[in-house]
Number of protein chains: 2
Amino acid sequence: NADGGSYDAVHDASSPAAGDCCAQQSSAQHNWEMNYQEAAIYLQEGENNDKFFTHPKNAKALAAYLFAHNHLFYLMELSTALLLLLLSLCEAPAVPMLRLGIYVHATLELFALIVVVFELSMKMRWLGFHTFIRHKRTMVKTCVLFVQFIEAIVVLVRQTSHVRITRALRCIFLVDCRYCGAVRRNLRQIFQSLPPFIDILLLLLFFMVIFAILGFYLFSPNHSDPYFSTLENSLVNLFVLLTTSNFPDVMMPSYARNPWSCVFFIVYLSIELYFIMNLLLAVVFDTFNDIEKRKFKSLLLHKRAAIQHAYRLLITKQRPTGVSFKHFEGLLRFYKPRMCARERYLTFKALNQSNTPLVSLKDFYNFYEVVGLKWKAKRNREHWFDDLPRTAFLIFKVLGVLPFFLFFILLCFPDTVVAVNGIWILVETFMLQGGNFFPRNVPWSYIVFLTIYGVELLLKTTGLGPVEYLSSGWNLFDFAVTLFAFLGLLALAFNMEPFYFIVVLRPLQLLRLFKLKKRYRNVLDTMFELFPRMASLGLTLLIFYYCFAIVGMEFFAGVVYPNCCNTSTVADSYRWVNHTIGNKTVVEEGYYYLNNFDNILNSFVTLFELTVVNDWYIIMEGVTSQTTHWSRLYFMIFYIVTMVVMTIIVAFILEAFVFRMNYTRKNQDSEEDNGIVLEKEISKEEVIGIIELYKRSSAATETSQLQKIVLQMDKYGQMSTLFLGRRSRTKSDLSMKMYEEEIQEWYEEHARKEESQTPSQESAPTSNNSLKPLSLRQRSQTVI
Amino acid sequence: NADGGSYDAVHDASSPAAGDCCAQQSSAQHNWEMNYQEAAIYLQEGENNDKFFTHPKNAKALAAYLFAHNHLFYLMELSTALLLLLLSLCEAPAVPMLRLGIYVHATLELFALIVVVFELSMKMRWLGFHTFIRHKRTMVKTCVLFVQFIEAIVVLVRQTSHVRITRALRCIFLVDCRYCGAVRRNLRQIFQSLPPFIDILLLLLFFMVIFAILGFYLFSPNHSDPYFSTLENSLVNLFVLLTTSNFPDVMMPSYARNPWSCVFFIVYLSIELYFIMNLLLAVVFDTFNDIEKRKFKSLLLHKRAAIQHAYRLLITKQRPTGVSFKHFEGLLRFYKPRMCARERYLTFKALNQSNTPLVSLKDFYNFYEVVGLKWKAKRNREHWFDDLPRTAFLIFKVLGVLPFFLFFILLCFPDTVVAVNGIWILVETFMLQGGNFFPRNVPWSYIVFLTIYGVELLLKTTGLGPVEYLSSGWNLFDFAVTLFAFLGLLALAFNMEPFYFIVVLRPLQLLRLFKLKKRYRNVLDTMFELFPRMASLGLTLLIFYYCFAIVGMEFFAGVVYPNCCNTSTVADSYRWVNHTIGNKTVVEEGYYYLNNFDNILNSFVTLFELTVVNDWYIIMEGVTSQTTHWSRLYFMIFYIVTMVVMTIIVAFILEAFVFRMNYTRKNQDSEEDNGIVLEKEISKEEVIGIIELYKRSSAATETSQLQKIVLQMDKYGQMSTLFLGRRSRTKSDLSMKMYEEEIQEWYEEHARKEESQTPSQESAPTSNNSLKPLSLRQRSQTVI
């Protein structure tokens, strides 16, 4: 909102105002380069939702900014964070195979921490000291870094690992990575949803306490009922009952004595589980929706502000009503260095809706929607193989036409084939009751179906062309499955046992059946759209897991082992006995000792079991019987935390699907195309004009690229070519359409607010440009 | 939509056209009475969402309609249905205490069925044969009745009960009751939500099958893993895993052998439980929202049509632009016979927004919103006891003023008192570790707190007056809790052991704490608003329970008993052994034999346990080991059915809360008042005018009622009195406000549609009145 480094650029035609206060070089071109770069930075900040107060304020800061904003640096950040996290595989309660000496892992840790120090110092250089200490996340990171550093040194000096719960804080290094922006957003959203969540949680706990007191009074006279013997037991068991984990058991002793006691449990479960828990979901869902909308709004306004900043840097004094292609091209060189000349011009044309040589601010506001488009010349050829040499062309033509009826049959009924295959596999598997599953000989059905799939794949490839064929997700899936089936065949044929697992993946082919129905296609498409967001939510959950795993390992490593808990109520689940009956050895295995915190991998599995919630009290009671009563707190807190995260995941899935379905309902006719498509025509003269422009600035690669287009046009004798810009539809596009009416209100409200805040600054541009053009290093050079 | 019995009434001033074709009596007054009655019937049909094709078409039908539409008849319907349902308590696998001889219960059944026949014949008389067989629900009911009749006779003849699964169909008699309209709506909504639900369910089952095949291939070579030994086992266990009921156990044998096998289970649960199950909720929620909106729309349009029909019956030829009070009053006499004269006039005034003597159609459209208002003269007195005789008045005045400071303190800090009391109870309970819980002496804390509550209650009652005090739900709750505490005190003081349970209810007082926070008040208010709907959903669930209980009893009664399942995998849970160790008898009880289908009450508890889902497979396996593999189908189908109902309950709670919260957010300022309030002023002249009107029609009670108002006005020397109409806000009001804009569109669209359907009929009223005014029996007489 507050833009610390805002420059109001006033330019004349050839030289932007930014150049006036520049000491080293005064050429207009260089000043323009500076403006392009800064505009590109603004646009990036807008896209990444970086606040403008972190905008680099001078040349030194700019250099640091450029250094810290490229994929190499990001990768370094990420790998350092991952290294730190992975160290817990090798530290004290280590995974047996990966155990390292204290010297080794402490040195590795120190090394990683030093890298983090370097990263932070670069950030400080870029932000400046004042902004640095104002930036909360960075400050927390610095503190954690300091603590970790001291601890690592202590470990090295003492040569023994002390209780290092602070290792749980290592997550912050991962969360702070550039690539983990989504995780940060999720965490923020979780924390924002917390207050209403906690309110309802208190209601839940309150009822639990009331029922615990009631239950204690009602059932403790029954001495055969261990669940309510004390108030503590009563509380713990009702907490577990909330998760239904001990359900019929906890009721049974009292139910056996008096059938009407079931009323207590039915009322408790109805209130707590079926009412308040759903209320919790409702409240979180509602808060979530609200936050999503507010987030969308603030992001939209932030982007708009970024575009305004960039725009002001690109207009000239002489022509203040718009941005010319020359300057727009300069901006794109920094903003998207990999974009080719043709795409740059097409983007410009797509933005420019008034057909004047300048893009006005109003048109420029669409920058983010247009810049993501991938441009392709519209095909005016019949087959994909028209471009190939003559002989190959003929062969393909024959291939494509000859088995047309086969092609047709398979295209019409491939799903029948898949269904038959599915039933076949099911029946075949059902027939195999034990015994050797992998026949020495390849079954004939396998070969038949694989042949059919292979032929279908070949025909489709021939018909559509390999590129177009593989551009569809479903075809890609078909391809992968057929390939796997083929590999499985090879594995069977050549008896390569380690690859038998591929054969096992065969049933996945049945997934093809889901192409058939529109709802499934919708569901699966939405699933793919959601996937990045789901992955980030999963990662968020993993970060919580990591924290709890570290704490669990520090406290509970090694406390659970076979026959450990024979005095507790859950002894059976931990019992491991070798009976010898007659001459036969019977092993009675209670496997629960495997659910331990002995190393980080085991901890993760144990935590997953706790997340699934069923029978979690066995794990809790096992650990509790070996430690203290207070261990229960760990498990209960974990339950509540996962409940929060899970509820939010549910709310997210709900929101996303309901949103999408609403959207589909609103736009039932325009739903067919699965993306944003834009059409632009370019005439030959235009291309030649641009070539001239590039020739003047002596850009050889761009010129040759464009000349190719001209040659292409000449070849087909066209005066113009039609280009299609295409990109997949994002959540933001959907939101734009859903909130269409409100968006205008937001803009107006925002504009009013801004006007009242900065009455003179915005209306009368002054030339207080604080960015000194110093570094020749350009973003394009840094990235490549 | 189609209005079979629609009459276009053309009236002259004194006599409606309806009277022209009347044979017996030709007095205008009687014809008007007929019109009033028919208009009232239309309005009732609109309110109850009865289709107009069931509108009584002639005088015979009208008589039957009136007979079948009053609370006596409804009660008969309900009690017959309940009797039929309750019979299953006494039939074959009966609750031991309620067992009846076959003769007795079969005779009872026959009696109930004959009553149903009578009800149906009344309905046929009212609907006419053609409409009767067109009405689907009634036809199904008739068929079921027929089957039940035959079966009951067979039982009587054979004197032994055969397998009577059809008893499960008895529910239909309950569902068809007038009072169970909400249940019918729920069922309809459930069936409407089914198609998308089934789609996603298939996806779920599909993945289950794929994973079952995979799991079978992967884990069956491990002979210590009983869960995947055959494909059937694999399928059943993955189905159970879907409910997480067997979670860590099913993983353990393979996890013990190879730690990486946990990946299979994690992937399965992530896909099935965390993704598809949530998807299911999302799809149901979305469908639910959509259905709610469509339902609201159709109900709104239906009501509007009903109002149009009624309006047309009330206007006269001379004054076709509106309804006069005289006719409106006539309508209300039939529509709401218990309404007093004052309220009728106030309703008329509230409708009439143009202040002309006639209510136009546009105003008349608000009929349903206005008719529910409860009217009260606005208090212009200071205290509620002003009306009482002088001495009592003085006493109360002193009481109200004297302990003002105490009153004040308690009003400000009652919550502190409650909180202290809560902590006190908790600590007190915590101190009692076993032993006799009910002290012989009443603890002093109990008396102290009870005194405080008592004083608070007294003061509040004095201050507000008993009527106003008890009109608030929260005060009512306070009152009930204090009363209970007082009863508990009595029970303790006089050592009445059977009433000790009242003492146990003490912690419920803590609920008062939730008045404090706005969110809780909102939540609890919403809860109370939702309560009727929740209750109807609960009843719907109970109906499903009933069906399953009957089927379960027929198939599984008596199959489960202690030590029944020693050969199955769940033997432990059913084992019941008396060990004698030394001279001490240790009873090892696996209580699961209590979860049986031996009578209907036990079945309900068992089904509730199956609904909660935890450890349900133990019940399933127990029964399966005693019967056949196919028994599993019963349990699996029950799981899926409850999943449907539960998902819909969740969707309903979600929808209701999110809707309410959205509404609150939209109307943040006008949210304070918890209901619809309307103000209307009546002048003395108006009242006198109405008295004249009533005198003319010689209605003595009405006249005297109104004269009281005049006297009241005279007493206080007012020329007019202000009346307040008040009613609680319903979901329909909220929807009206939420969809405000769309509603206008719906109306227009509907009007357009109607115009195109009936181009001449509506515009040119003809007098084809088919209802012969025959019966003098009026609705008011039937009801009272």
# chains A, B, ... in the order shown; residues from 1 in each chain; ligands from 1
call {"tool": "calpha_fit_rmsd", "arguments": {"fixed": "chain A", "moving": "chain B"}}
result
0.2 Å
call {"tool": "atom_distance", "arguments": {"atom1": "CA of Pro466 in chain B", "atom2": "CA of Ile682 in chain B"}}
result
27.6 Å
call {"tool": "residues_around", "arguments": {"residues": "Leu610 in chain B", "least_positions_apart": "4", "cutoff": "10 Å", "atoms": "only C-alpha atoms", "output": "VMD selection string"}}
result
(chain A and resid 248) or (chain B and resid 595 604 to 606 614 to 617 619 to 620 635 to 636 638 to 639 642)
call {"tool": "write_last_selection", "arguments": {"atoms": "N, CA, C and O atoms", "output": "compact mmCIF listing (two decimals), in the first residue's frame"}}
result
# COMPACT_ATOMS: atom_id res chain seq x y z
N PRO A 248 -17.62 -47.92 20.98
CA PRO A 248 -18.56 -48.76 21.73
C PRO A 248 -17.95 -49.22 23.06
O PRO A 248 -18.65 -49.38 24.03
N ASN B 595 -24.15 -55.82 21.51
CA ASN B 595 -24.53 -55.08 20.31
C ASN B 595 -25.23 -56.02 19.35
O ASN B 595 -24.64 -56.52 18.41
N PHE B 604 -31.64 -50.41 17.67
CA PHE B 604 -31.38 -48.98 17.49
C PHE B 604 -30.01 -48.61 18.06
O PHE B 604 -29.26 -47.88 17.41
N VAL B 605 -29.70 -49.12 19.23
CA VAL B 605 -28.38 -48.81 19.81
C VAL B 605 -27.28 -49.35 18.91
O VAL B 605 -26.30 -48.67 18.62
N THR B 606 -27.46 -50.59 18.43
CA THR B 606 -26.45 -51.17 17.55
C THR B 606 -26.28 -50.33 16.29
O THR B 606 -25.17 -50.06 15.84
N ASN B 614 -16.90 -46.21 14.41
CA ASN B 614 -15.70 -46.79 15.01
C ASN B 614 -15.95 -48.24 15.43
O ASN B 614 -16.95 -48.56 16.06
N ASP B 615 -15.00 -49.10 15.09
CA ASP B 615 -15.06 -50.52 15.45
C ASP B 615 -16.32 -51.22 14.97
O ASP B 615 -16.70 -52.27 15.50
N TRP B 616 -16.96 -50.67 13.96
CA TRP B 616 -18.18 -51.31 13.47
C TRP B 616 -17.89 -52.66 12.84
O TRP B 616 -18.76 -53.52 12.79
N TYR B 617 -16.65 -52.84 12.37
CA TYR B 617 -16.36 -54.11 11.70
C TYR B 617 -16.39 -55.27 12.70
O TYR B 617 -16.59 -56.41 12.31
N ILE B 619 -18.68 -55.64 15.00
CA ILE B 619 -20.08 -56.07 14.98
C ILE B 619 -20.36 -56.84 13.70
O ILE B 619 -20.98 -57.91 13.71
N MET B 620 -19.86 -56.29 12.59
CA MET B 620 -20.11 -56.93 11.29
C MET B 620 -19.52 -58.33 11.26
O MET B 620 -20.20 -59.29 10.89
N PHE B 635 -24.49 -54.52 6.37
CA PHE B 635 -23.73 -53.52 7.11
C PHE B 635 -23.14 -52.46 6.18
O PHE B 635 -23.10 -51.28 6.50
N MET B 636 -22.69 -52.91 5.01
CA MET B 636 -22.09 -51.96 4.08
C MET B 636 -23.15 -51.01 3.52
O MET B 636 -22.92 -49.81 3.42
N PHE B 638 -25.87 -50.23 5.00
CA PHE B 638 -26.23 -49.31 6.09
C PHE B 638 -25.20 -48.20 6.19
O PHE B 638 -25.55 -47.02 6.35
N TYR B 639 -23.94 -48.55 6.07
CA TYR B 639 -22.90 -47.52 6.15
C TYR B 639 -23.10 -46.47 5.06
O TYR B 639 -23.05 -45.26 5.32
N THR B 642 -26.23 -44.30 5.82
CA THR B 642 -26.01 -43.28 6.85
C THR B 642 -25.02 -42.24 6.36
O THR B 642 -25.12 -41.08 6.73
call {"tool": "residues_around", "arguments": {"residues": "range 230-244 of chain B", "least_positions_apart": "6", "cutoff": "10 Å", "atoms": "only C-alpha atoms", "output": "NGL selection string"}}
result
(:A and (245 or 426-427 or 429-434 or 609 or 612-615)) or (:B and (204-205 or 208-217 or 219-220 or 250-251 or 265 or 268-269 or 272-274 or 277 or 612-617 or 629 or 632 or 636 or 639))
call {"tool": "atom_distance", "arguments": {"atom1": "CA of Arg333 in chain B", "atom2": "CA of Thr356 in chain B"}}
result
22.2 Å
call {"tool": "atom_distance", "arguments": {"atom1": "CA of Leu108 in chain A", "atom2": "CA of Ala152 in chain A"}}
result
9.7 Å
call {"tool": "closest_residue", "arguments": {"among": "B:Phe328, B:Tyr446, B:Phe228, B:Phe285", "to": "Phe657 in chain A", "atoms": "only C-alpha atoms"}}
result
B:Phe285
